[in-house]
>>> print(open('my_file.tsv').read())   # TSV, C-alpha atoms and all ligand atoms
chain	number	residue	atom	x	y	z
W	58	MET	CA	1.38	-13.15	1.24
W	59	THR	CA	-1.02	-10.72	2.88
W	60	SER	CA	0.25	-7.36	4.08
W	61	THR	CA	-0.13	-8.50	7.70
W	62	GLU	CA	1.93	-11.62	7.03
W	63	ARG	CA	4.46	-9.44	5.33
W	64	GLN	CA	4.61	-7.11	8.33
W	65	GLN	CA	5.11	-10.09	10.62
W	66	LYS	CA	7.83	-11.40	8.36
W	67	THR	CA	9.63	-8.08	8.31
W	68	ALA	CA	9.20	-7.69	12.07
W	69	GLY	CA	10.59	-11.21	12.53
W	70	GLN	CA	13.66	-10.29	10.51
W	71	GLY	CA	14.26	-7.35	12.81
W	72	THR	CA	13.96	-4.98	9.85
W	73	VAL	CA	12.31	-1.62	10.11
W	74	LEU	CA	9.54	-0.23	7.95
W	75	PRO	CA	10.07	3.30	6.69
W	76	ARG	CA	7.93	5.73	8.69
W	77	HIS	CA	7.64	8.14	5.79
W	78	ILE	CA	7.63	7.27	2.08
W	79	ALA	CA	7.54	9.96	-0.61
W	80	ILE	CA	6.77	9.35	-4.28
W	81	ILE	CA	7.31	11.36	-7.46
W	82	MET	CA	4.35	10.01	-9.46
W	83	ASP	CA	6.09	10.12	-12.84
W	84	GLY	CA	5.36	8.53	-16.20
W	85	ASN	CA	1.63	9.19	-16.57
W	86	GLY	CA	2.10	10.91	-19.93
W	87	ARG	CA	4.26	8.11	-21.38
W	88	TRP	CA	1.83	5.47	-20.09
W	89	ALA	CA	-0.98	7.19	-21.99
W	90	LYS	CA	1.10	7.71	-25.16
W	91	LYS	CA	1.99	4.01	-25.30
W	92	ARG	CA	-1.73	3.27	-25.40
W	93	GLY	CA	-2.59	6.02	-27.90
W	94	LEU	CA	-4.55	7.85	-25.20
W	95	PRO	CA	-4.46	11.55	-24.25
W	96	ARG	CA	-2.03	12.51	-21.45
W	97	THR	CA	-5.01	13.27	-19.22
W	98	ALA	CA	-5.96	9.57	-19.31
W	99	GLY	CA	-2.51	8.85	-17.87
W	100	HIS	CA	-3.16	11.23	-14.98
W	101	ALA	CA	-6.55	9.61	-14.31
W	102	ALA	CA	-4.84	6.19	-14.17
W	103	GLY	CA	-2.12	7.71	-11.95
W	104	ALA	CA	-4.73	9.04	-9.52
W	105	GLU	CA	-6.18	5.50	-9.24
W	106	THR	CA	-2.71	4.12	-8.55
W	107	PHE	CA	-2.28	6.68	-5.79
W	108	ARG	CA	-5.55	5.56	-4.19
W	109	ARG	CA	-4.47	1.91	-4.29
W	110	ILE	CA	-0.96	2.57	-2.99
W	111	ALA	CA	-2.25	4.84	-0.18
W	112	SER	CA	-4.53	2.00	1.02
W	113	TYR	CA	-1.63	-0.42	0.84
W	114	CYS	CA	0.57	1.92	2.90
W	115	ARG	CA	-2.23	2.13	5.49
W	116	ASP	CA	-2.40	-1.69	5.62
W	117	LEU	CA	1.36	-1.88	6.08
W	118	GLY	CA	1.29	0.71	8.87
W	119	ILE	CA	3.34	3.37	7.04
W	120	GLU	CA	2.78	6.63	8.93
W	121	TYR	CA	3.28	9.17	6.12
W	122	LEU	CA	2.93	8.89	2.35
W	123	THR	CA	3.79	12.11	0.51
W	124	VAL	CA	3.14	12.35	-3.23
W	125	TYR	CA	4.02	14.99	-5.78
W	126	ALA	CA	0.74	15.75	-7.55
W	127	PHE	CA	1.47	19.17	-9.05
W	128	SER	CA	4.65	21.22	-8.93
W	129	THR	CA	5.12	24.99	-9.00
W	130	GLU	CA	6.51	24.42	-12.54
W	131	ASN	CA	3.59	22.31	-13.81
W	132	TRP	CA	1.60	25.48	-14.67
W	133	LYS	CA	3.76	25.52	-17.85
W	134	ARG	CA	1.77	22.55	-19.20
W	135	SER	CA	-1.22	23.09	-21.51
W	136	ALA	CA	-4.34	24.64	-19.96
W	137	GLU	CA	-6.15	21.41	-20.78
W	138	GLU	CA	-3.67	19.25	-18.85
W	139	VAL	CA	-3.55	21.62	-15.85
W	140	SER	CA	-7.31	21.67	-15.65
W	141	ALA	CA	-7.49	17.86	-15.96
W	142	ILE	CA	-5.08	17.43	-13.00
W	143	MET	CA	-7.04	19.98	-10.92
W	144	GLY	CA	-10.25	18.16	-11.90
W	145	LEU	CA	-8.79	14.85	-10.69
W	146	LEU	CA	-7.78	16.43	-7.39
W	147	LYS	CA	-11.30	17.81	-6.97
W	148	LYS	CA	-12.83	14.41	-7.76
W	149	TYR	CA	-10.46	12.68	-5.38
W	150	LEU	CA	-11.15	15.13	-2.53
W	151	GLU	CA	-14.92	14.91	-3.07
W	152	GLU	CA	-14.76	11.13	-2.90
W	153	ALA	CA	-12.46	11.34	0.10
W	154	ILE	CA	-15.08	13.37	2.00
W	155	GLU	CA	-17.53	10.48	1.46
W	156	LYS	CA	-15.09	7.69	2.19
W	157	MET	CA	-12.49	9.01	4.62
W	158	ARG	CA	-13.93	7.31	7.67
W	159	ARG	CA	-14.05	3.98	5.87
W	160	GLU	CA	-10.65	4.32	4.23
W	161	ASN	CA	-9.16	5.73	7.42
W	162	VAL	CA	-6.34	7.65	5.78
W	163	ARG	CA	-5.81	11.24	6.90
W	164	ILE	CA	-5.24	13.62	3.97
W	165	ARG	CA	-3.26	16.84	3.99
W	166	VAL	CA	-2.54	19.08	1.01
W	167	LEU	CA	0.90	20.72	1.06
W	168	GLY	CA	1.95	23.64	-1.12
W	169	ASP	CA	1.05	27.22	-1.98
W	170	LEU	CA	-2.69	26.84	-2.35
W	171	SER	CA	-3.40	30.52	-3.06
W	172	PRO	CA	-3.63	30.17	-6.89
W	173	LEU	CA	-6.09	27.25	-6.65
W	174	SER	CA	-9.78	27.82	-7.34
W	175	PRO	CA	-11.88	28.90	-4.32
W	176	GLU	CA	-13.89	25.69	-4.84
W	177	LEU	CA	-10.81	23.48	-4.57
W	178	ARG	CA	-9.55	25.39	-1.53
W	179	ALA	CA	-12.92	24.99	0.20
W	180	LEU	CA	-12.78	21.25	-0.48
W	181	ILE	CA	-9.28	21.04	0.98
W	182	ASP	CA	-10.54	22.82	4.13
W	183	ARG	CA	-13.41	20.34	4.44
W	184	VAL	CA	-11.11	17.34	4.05
W	185	GLU	CA	-8.65	18.71	6.59
W	186	ALA	CA	-11.48	19.32	9.09
W	187	ILE	CA	-12.58	15.65	8.86
W	188	ASP	CA	-8.93	14.79	9.10
W	189	GLU	CA	-8.70	16.08	12.64
W	190	THR	CA	-11.36	13.62	13.80
W	191	LEU	CA	-9.81	10.45	12.33
W	192	GLU	CA	-7.95	7.97	14.45
W	193	THR	CA	-5.47	6.50	12.03
W	194	ARG	CA	-1.77	5.91	11.81
W	195	THR	CA	-1.54	6.86	8.15
W	196	GLN	CA	-1.44	10.33	6.66
W	197	ALA	CA	-1.30	10.97	2.92
W	198	ASN	CA	0.21	14.32	1.94
W	199	LEU	CA	-0.70	15.54	-1.54
W	200	CYS	CA	1.82	18.13	-2.72
W	201	VAL	CA	-0.02	20.61	-4.92
W	202	ASN	CA	1.58	23.75	-6.35
W	203	TYR	CA	4.56	22.57	-4.37
W	204	GLY	CA	8.20	23.47	-4.98
W	205	GLY	CA	11.06	22.64	-2.63
W	206	ARG	CA	12.89	25.94	-3.17
W	207	ASP	CA	9.66	27.89	-2.84
W	208	GLU	CA	8.91	26.07	0.41
W	209	ILE	CA	12.31	27.04	1.88
W	210	VAL	CA	11.93	30.70	0.85
W	211	ARG	CA	8.44	30.80	2.38
W	212	ALA	CA	9.69	29.20	5.57
W	213	VAL	CA	12.46	31.80	5.92
W	214	LYS	CA	9.97	34.64	5.34
W	215	ALA	CA	7.48	33.18	7.82
W	216	TRP	CA	10.22	32.73	10.41
W	217	GLN	CA	11.37	36.32	9.87
W	218	ALA	CA	7.83	37.65	10.27
W	219	ASP	CA	7.15	35.66	13.45
W	220	PRO	CA	7.56	37.80	16.58
W	221	ASP	CA	7.92	34.58	18.61
W	222	ARG	CA	10.68	33.12	16.42
W	223	GLY	CA	13.56	31.31	18.08
W	224	GLU	CA	17.22	31.38	17.13
W	225	LEU	CA	17.68	30.28	13.50
W	226	THR	CA	18.68	26.61	13.57
W	227	GLU	CA	17.78	23.67	11.33
W	228	ALA	CA	15.16	22.49	13.82
W	229	GLU	CA	13.72	26.00	14.11
W	230	LEU	CA	13.37	26.48	10.33
W	231	SER	CA	11.77	23.03	9.98
W	232	LYS	CA	8.87	24.33	12.05
W	233	TYR	CA	7.95	26.72	9.22
W	234	LEU	CA	7.97	24.13	6.41
W	235	TYR	CA	4.77	22.53	5.09
W	236	THR	CA	5.96	19.32	6.73
W	237	ALA	CA	6.30	20.85	10.22
W	238	GLY	CA	6.00	18.15	12.87
W	239	MET	CA	6.45	15.25	10.42
W	240	PRO	CA	9.52	13.03	10.21
W	241	ASP	CA	11.68	13.48	7.10
W	242	PRO	CA	11.03	10.93	4.33
W	243	ASP	CA	13.05	7.74	4.87
W	244	LEU	CA	12.47	6.54	1.33
W	245	ILE	CA	11.81	8.50	-1.87
W	246	ILE	CA	10.55	6.51	-4.85
W	247	ARG	CA	10.70	7.76	-8.42
W	248	PRO	CA	9.21	5.50	-11.06
W	249	SER	CA	9.43	5.83	-14.85
W	250	GLY	CA	13.22	5.63	-15.21
W	251	GLU	CA	13.98	9.28	-14.38
W	252	GLU	CA	16.59	9.76	-11.68
W	253	ARG	CA	16.33	13.31	-10.35
W	254	ILE	CA	14.69	15.17	-7.48
W	255	SER	CA	12.78	17.80	-9.55
W	256	ASN	CA	12.42	20.34	-6.71
W	257	PHE	CA	10.66	17.83	-4.43
W	258	LEU	CA	11.25	17.91	-0.64
W	259	LEU	CA	14.70	19.49	-1.05
W	260	TRP	CA	15.17	20.24	2.66
W	261	GLN	CA	13.55	17.04	3.92
W	262	SER	CA	15.45	14.66	1.61
W	263	ALA	CA	18.88	15.41	3.13
W	264	TYR	CA	19.26	11.81	4.37
W	265	SER	CA	16.52	10.00	2.43
W	266	GLU	CA	17.22	6.75	0.62
W	267	PHE	CA	16.25	6.82	-3.08
W	268	TYR	CA	14.64	4.03	-5.06
W	269	PHE	CA	14.27	4.26	-8.83
W	270	THR	CA	12.34	1.89	-11.06
W	271	ASP	CA	11.48	1.86	-14.77
W	272	VAL	CA	7.83	1.03	-14.06
W	273	LEU	CA	5.54	3.90	-15.12
W	274	TRP	CA	3.47	5.27	-12.22
W	275	PRO	CA	0.05	4.06	-13.48
W	276	ASP	CA	1.52	0.51	-13.63
W	277	PHE	CA	3.05	0.70	-10.13
W	278	THR	CA	1.68	-2.12	-7.95
W	279	GLU	CA	1.75	-3.26	-4.35
W	280	ARG	CA	4.56	-5.66	-5.38
W	281	ASP	CA	6.60	-2.70	-6.64
W	282	MET	CA	6.07	-1.05	-3.25
W	283	ASP	CA	7.23	-4.27	-1.55
W	284	ALA	CA	10.37	-4.25	-3.74
W	285	ALA	CA	11.09	-0.61	-2.84
W	286	ILE	CA	10.65	-1.28	0.89
W	287	GLU	CA	12.82	-4.40	0.68
W	288	ALA	CA	15.57	-2.44	-1.09
W	289	TYR	CA	15.30	0.26	1.60
W	290	GLN	CA	15.63	-2.36	4.34
W	291	LYS	CA	18.94	-3.52	2.85
W	292	ARG	CA	20.43	-0.01	2.88
W	293	ASP	CA	22.94	1.02	5.48
W	294	ARG	CA	21.86	4.45	6.75
W	295	ARG	CA	24.77	6.28	8.35
W	296	TYR	CA	23.61	9.93	8.35
W	297	GLY	CA	27.15	11.08	7.65
W	298	GLY	CA	28.63	8.90	10.40
W	299	VAL	CA	30.61	5.65	10.13
W	300	LYS	CA	29.31	2.13	10.52
W	301	LYS	CA	29.44	0.93	14.14
W	401	LIG	C1	4.05	13.29	-13.75
W	401	LIG	O1	3.92	12.51	-14.92
W	401	LIG	C2	2.74	13.48	-13.13
W	401	LIG	C3	2.14	14.68	-12.89
W	401	LIG	C4	2.78	15.96	-13.26
W	401	LIG	C5	0.77	14.77	-12.31
W	401	LIG	C6	0.43	13.77	-11.23
W	401	LIG	C7	-1.01	13.91	-10.94
W	401	LIG	C8	-1.89	12.89	-10.70
W	401	LIG	C9	-1.49	11.47	-10.62
W	401	LIG	C10	-3.35	13.19	-10.57
W	401	LIG	C11	-3.79	13.90	-9.34
W	401	LIG	C12	-3.42	13.21	-8.11
W	401	LIG	C13	-4.23	12.71	-7.15
W	401	LIG	C14	-3.57	12.09	-6.01
W	401	LIG	C15	-5.70	12.70	-7.18
W	401	LIG	P1	4.22	13.16	-16.37
W	401	LIG	O2	2.96	13.76	-16.88
W	401	LIG	O3	5.36	14.12	-16.25
W	401	LIG	O4	4.61	11.89	-17.18
W	401	LIG	P2	5.61	11.82	-18.44
W	401	LIG	O5	6.98	12.16	-17.90
W	401	LIG	O6	5.49	10.40	-18.88
W	401	LIG	O7	5.13	12.80	-19.45
>>> encode(input="my_file.tsv", output="structure tokens")
Amino acid sequence: MTSTERQQKTAGQGTVLPRHIAIIMDGNGRWAKKRGLPRTAGHAAGAETFRRIASYCRDLGIEYLTVYAFSTENWKRSAEEVSAIMGLLKKYLEEAIEKMRRENVRIRVLGDLSPLSPELRALIDRVEAIDETLETRTQANLCVNYGGRDEIVRAVKAWQADPDRGELTEAELSKYLYTAGMPDPDLIIRPSGEERISNFLLWQSAYSEFYFTDVLWPDFTERDMDAAIEAYQKRDRRYGGVKK
């Protein structure tokens, strides 16, 4: 079934596609180990999976895809692994500059970008400038040097420093998060058999549905995405209320 047929099918069933899907891209290291390859080969394969899944989300009409590419804690990994992940991001952003109009996926990078190399930050600025000119429904958010607790602390500090701040409410604080203006994730997917949040989107995941699968991220396919969306469509979201 093509993605369009699938959309029609889901529309016909009266089911709703998630507007925002978030993914913890886990299992790259184990994928590489199983093949006797260095961990960095797992990240390279994981970056390719991201590219494929982002295109699929665009075809399905998903509005936001947010992926965890590098956490505030990932600096603890070996210098070689950190630099390989940064290298993959650089390669991806360089290619995105060439292909963004064709691929038609808007890209945003979320996180504390201050420790990144000036070269990488300049690339991010270039991508985000092209971003503004694209007419697309789909935005991919790459979380880099991102931590959920760190994001909340930063938001509180930014709110406090803002002379135009409003009264402190949930909606007011949300305006100072990296995800300001975006809907909260409806569905959070974690592959590789781990079942924890790992400091990802702590504020935004308050009412998200979770989907876990044993598939390692580099092996994650469009069919796995279909399965996650189908599982989501069967969930009964009550947001703390009772079923009507
Ligand atoms: C988690 O797997 C994955 C990461 C910490 C890095 C994810 C980064 C990429 C896929 C590359 C850069 C991204 C883009 C979009 C260009 P793990 O290493 O913790 O796996 P393991 O648990 O099997 O060791």
>>> residues_near_ligand(input="my_file.tsv", ligand="ligand LIG 401 (chain W)", cutoff="8 Å", atoms="all atoms listed in the file", output="number ranges by chain")
W: 81-89, 96, 99-108, 124-128, 131, 142-143, 145-150, 199, 249, 273-274
>>> atom_distance(input="my_file.tsv", atom1="CA of Ala284 in chain W", atom2="CA of Arg194 in chain W")
22.2 Å
>>> atom_distance(input="my_file.tsv", atom1="CA of Asp276 in chain W", atom2="CA of Phe257 in chain W")
21.6 Å
>>> atom_distance(input="my_file.tsv", atom1="CA of Asp243 in chain W", atom2="CA of Glu130 in chain W")
25.0 Å
>>> residues_near_point(input="my_file.tsv", point="(3.0, 11.3, 0.7)", cutoff="10 Å", atoms="all atoms listed in the file", output="compact mmCIF listing (two decimals) with C-alpha atoms, in the coordinates of the input")
# COMPACT_ATOMS: atom_id res chain seq x y z
CA HIS W 77 7.64 8.14 5.79
CA ILE W 78 7.63 7.27 2.08
CA ALA W 79 7.54 9.96 -0.61
CA ILE W 80 6.77 9.35 -4.28
CA ILE W 81 7.31 11.36 -7.46
CA PHE W 107 -2.28 6.68 -5.79
CA ALA W 111 -2.25 4.84 -0.18
CA CYS W 114 0.57 1.92 2.90
CA GLU W 120 2.78 6.63 8.93
CA TYR W 121 3.28 9.17 6.12
CA LEU W 122 2.93 8.89 2.35
CA THR W 123 3.79 12.11 0.51
CA VAL W 124 3.14 12.35 -3.23
CA TYR W 125 4.02 14.99 -5.78
CA ALA W 126 0.74 15.75 -7.55
CA ILE W 164 -5.24 13.62 3.97
CA ARG W 165 -3.26 16.84 3.99
CA VAL W 166 -2.54 19.08 1.01
CA LEU W 167 0.90 20.72 1.06
CA THR W 195 -1.54 6.86 8.15
CA GLN W 196 -1.44 10.33 6.66
CA ALA W 197 -1.30 10.97 2.92
CA ASN W 198 0.21 14.32 1.94
CA LEU W 199 -0.70 15.54 -1.54
CA CYS W 200 1.82 18.13 -2.72
CA PRO W 242 11.03 10.93 4.33
CA ILE W 245 11.81 8.50 -1.87
>>> closest_residue(input="my_file.tsv", among="W:Ser255, W:Gln290, W:Ser112, W:Thr97", to="Tyr268 in chain W", atoms="only C-alpha atoms")
W:Gln290
>>> residues_around(input="my_file.tsv", residues="range 203-209 of chain W", least_positions_apart="4", cutoff="6 Å", atoms="all atoms listed in the file", output="PyMOL selection string")
chain W and resi 128-129+168+256-259
>>> residues_around(input="my_file.tsv", residues="Leu170 in chain W", least_positions_apart="5", cutoff="9 Å", atoms="only C-alpha atoms", output="list in words")
Arg178, Val201, Asn202 and Tyr203 of chain W
>>> axis_aligned_box(input="my_file.tsv", around="range 121-127 of chain W", padding_each_side="5 Å", output="AutoDock Vina command-line options")
--center_x 2.4 --center_y 14.0 --center_z -1.5 --size_x 13.3 --size_y 20.3 --size_z 25.2
>>> closest_residue(input="my_file.tsv", among="W:Arg294, W:Arg134, W:Arg158, W:Lys300", to="Ser265 in chain W", atoms="only C-alpha atoms")
W:Arg294
>>> residues_around(input="my_file.tsv", residues="Val210 in chain W", least_positions_apart="5", cutoff="12 Å", atoms="all atoms listed in the file", output="ChimeraX atom specification")
/W:169,204-205,215-217,230-231,233-235,259-260
>>> write_last_selection(input="my_file.tsv", atoms="C-alpha atoms", output="PDB file, in the coordinates of the input")
ATOM      1  CA  ASP W 169       1.050  27.220  -1.980  1.00  0.00           C
ATOM      2  CA  GLY W 204       8.200  23.470  -4.980  1.00  0.00           C
ATOM      3  CA  GLY W 205      11.060  22.640  -2.630  1.00  0.00           C
ATOM      4  CA  ALA W 215       7.480  33.180   7.820  1.00  0.00           C
ATOM      5  CA  TRP W 216      10.220  32.730  10.410  1.00  0.00           C
ATOM      6  CA  GLN W 217      11.370  36.320   9.870  1.00  0.00           C
ATOM      7  CA  LEU W 230      13.370  26.480  10.330  1.00  0.00           C
ATOM      8  CA  SER W 231      11.770  23.030   9.980  1.00  0.00           C
ATOM      9  CA  TYR W 233       7.950  26.720   9.220  1.00  0.00           C
ATOM     10  CA  LEU W 234       7.970  24.130   6.410  1.00  0.00           C
ATOM     11  CA  TYR W 235       4.770  22.530   5.090  1.00  0.00           C
ATOM     12  CA  LEU W 259      14.700  19.490  -1.050  1.00  0.00           C
ATOM     13  CA  TRP W 260      15.170  20.240   2.660  1.00  0.00           C
TER      14      TRP W 260
END
>>> residues_around(input="my_file.tsv", residues="Met157 in chain W", least_positions_apart="3", cutoff="12 Å", atoms="only C-alpha atoms", output="short mmCIF file (atom, residue, chain, number, x, y, z; two decimals) with C-alpha atoms, in the coordinates of the input")
data_model
loop_
_atom_site.label_atom_id
_atom_site.label_comp_id
_atom_site.auth_asym_id
_atom_site.auth_seq_id
_atom_site.Cartn_x
_atom_site.Cartn_y
_atom_site.Cartn_z
CA ARG W 108 -5.55 5.56 -4.19
CA SER W 112 -4.53 2.00 1.02
CA TYR W 149 -10.46 12.68 -5.38
CA LEU W 150 -11.15 15.13 -2.53
CA GLU W 151 -14.92 14.91 -3.07
CA GLU W 152 -14.76 11.13 -2.90
CA ALA W 153 -12.46 11.34 0.10
CA ILE W 154 -15.08 13.37 2.00
CA GLU W 160 -10.65 4.32 4.23
CA ASN W 161 -9.16 5.73 7.42
CA VAL W 162 -6.34 7.65 5.78
CA ARG W 163 -5.81 11.24 6.90
CA ILE W 164 -5.24 13.62 3.97
CA ARG W 183 -13.41 20.34 4.44
CA VAL W 184 -11.11 17.34 4.05
CA GLU W 185 -8.65 18.71 6.59
CA ALA W 186 -11.48 19.32 9.09
CA ILE W 187 -12.58 15.65 8.86
CA ASP W 188 -8.93 14.79 9.10
CA GLU W 189 -8.70 16.08 12.64
CA THR W 190 -11.36 13.62 13.80
CA LEU W 191 -9.81 10.45 12.33
CA GLU W 192 -7.95 7.97 14.45
CA THR W 193 -5.47 6.50 12.03
CA THR W 195 -1.54 6.86 8.15
CA GLN W 196 -1.44 10.33 6.66
CA ALA W 197 -1.30 10.97 2.92
#
>>> residues_around(input="my_file.tsv", residues="Ile286 in chain W", least_positions_apart="5", cutoff="9 Å", atoms="all atoms listed in the file", output="count of residues only")
6
